[in-house]
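Here is the structure we will look at.
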Amino acid sequence: MKYDIVIVDTGYNGSHPRLRNRNITGIQICKKDVFGYDIITLPQDSDDVGHGTAISNIIYTHAPDASILMVKIFDKLLYVDEDLLLFTLNYILSNVECKLINLSPGISALKDYKKMYNICDEINKKGTVIVAAFDNDGSVSFPAAFDNVVGVTSNNYCYKNDEYFIIDNSIVNVGANGNMQKSLGWITNIQ
């Protein structure tokens with residue numbers, strides 16, 4: 001599979017007027033049992049939170065011709081475990097050619113720091129940039145804190161979706177508008 005951007009998030013609502021007729025495909029990766037995961041085709045109305053839909057719209061605002069693969073790995077509970085995130089990143093590495101991975105989920109405490117770091121490094125060596133959000137509560141989270149990932153956090157000095165600034169000599173690389181925003185007709189906390 002070849003896409004411009006992979007978004008790992010809550011799914012998307014393809015019937016929304018701003019996302020209709022866009023080049024977006026979706027899959028969901030979920031734990032099947034203790035031995036493995038299921039990968040299923042994602043229906044267009046799969047976003048029960050709105051976050052993945054909002055992120056898709058922001059990306060299309062700035063890159064209207066982008067092809068996107070939405071990978072849903074969490075829902076309204078907004079929780080993802082380390083094994084699921086590792087499986088997802090390995091799946092993308094092995095099966096998807098893309099320029100950018102936008103990761104909304106993050107993990108504050110890793111069981112296997114080295115394994116997560118190494119998969120991000122392999123993705124990087126393939127020529128794909130990973131952009132990952134830091135935890136909404138401000139804690140250090142992974143993979144955003146890795147030196148091979150562009151870690152993004154919200155900042156009160158940025159008011160528009162296209163405003164950002166670079167932070168030197170920090171585990172956080174970019175500050176951007178991540179506060180409450182009106183997006184696609186509802187208010188969403190974007191980060």
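Residue numbers start at 1 in each chain; chains themselves are named A, B, ... in the order of the structure tokens; ligands are numbered from 1 in the order shown.
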- Message: Which of chain A end up as alpha helix (DSSP H) when DSSP is run on this backbone - answer as a PyMOL selection string?
- Response: chain A and resi 51-62+82-95+113-125
- Item | strand (DSSP E) residues, from DSSP on the backbone, in chain A, as a PyMOL selection string | chain A and resi 5-9+24-33+36-41+68-72+100-103+129-133+150-154+164-166+174-176+180-183+186-189
- Task: Please provide as a list of chain:residue names all residues within 8 Å of Ala109 of chain A, with the sequence filter that same-chain residues fewer than 2 positions apart are discarded (counting only C-alpha atoms).
- Result: A:Ile107, A:Lys111, A:Ser141, A:Phe142
Atoms to include: C-alpha atoms. Write the selected residues as a short mmCIF file (atom, residue, chain, number, x, y, z; two decimals), in the first residue's frame.
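Listed below is the output, out-v3.cif:
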```cif
data_model
loop_
_atom_site.label_atom_id
_atom_site.label_comp_id
_atom_site.auth_asym_id
_atom_site.auth_seq_id
_atom_site.Cartn_x
_atom_site.Cartn_y
_atom_site.Cartn_z
CA ILE A 107 2.42 6.10 26.16
CA LYS A 111 7.84 -1.61 29.30
CA SER A 141 5.20 10.38 26.38
CA PHE A 142 6.52 8.03 23.77
#
```
- Which residue gives the smallest distance to Glu97 of chain A among A:Ala132, A:Ile40, A:Ala63, A:Ile68, with only C-alpha atoms counted?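 Going through A:Ala132, A:Ile40, A:Ala63, A:Ile68 one by one, the smallest distance to Glu97 of chain A is for A:Ile68.
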- Nearest to Tyr113 of chain A: which of A:Val131, A:Lys126, A:Leu93, A:Asp83 is it, counting only C-alpha atoms?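 Of A:Val131, A:Lys126, A:Leu93, A:Asp83, the one nearest Tyr113 of chain A is A:Asp83, counting only C-alpha atoms.
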Determine, using only C-alpha atoms, which residues of segment 55-76 of chain A have any atom at most 9 Å from an atom of segment 15-22 of chain A, and tabulate each with its shortest atom pair and distance in Å to one decimal place, rows ordered by chain and then rising number, as CSV.
```
residue,atom,partner,partner_atom,distance
A:Ser56,CA,A:Leu19,CA,7.8
A:Asn57,CA,A:Leu19,CA,6.8
A:Tyr60,CA,A:Leu19,CA,8.2
A:Pro64,CA,A:Arg22,CA,8.1
A:Asp65,CA,A:Arg22,CA,7.9
A:Ala66,CA,A:Arg22,CA,8.4
A:Ser67,CA,A:Arg22,CA,7.9
A:Ile68,CA,A:Arg22,CA,8.7
```
Put those residues in a file: C-alpha atoms, as a short mmCIF file (atom, residue, chain, number, x, y, z; two decimals), in the first residue's frame.
```cif
data_model
loop_
_atom_site.label_atom_id
_atom_site.label_comp_id
_atom_site.auth_asym_id
_atom_site.auth_seq_id
_atom_site.Cartn_x
_atom_site.Cartn_y
_atom_site.Cartn_z
CA SER A 56 -7.87 14.53 8.68
CA ASN A 57 -9.60 17.82 7.92
CA TYR A 60 -6.56 18.21 3.92
CA PRO A 64 -5.81 18.83 -0.34
CA ASP A 65 -4.48 16.18 -2.72
CA ALA A 66 -2.89 13.95 -0.08
CA SER A 67 -3.72 10.27 0.05
CA ILE A 68 -4.37 9.19 3.62
#
```
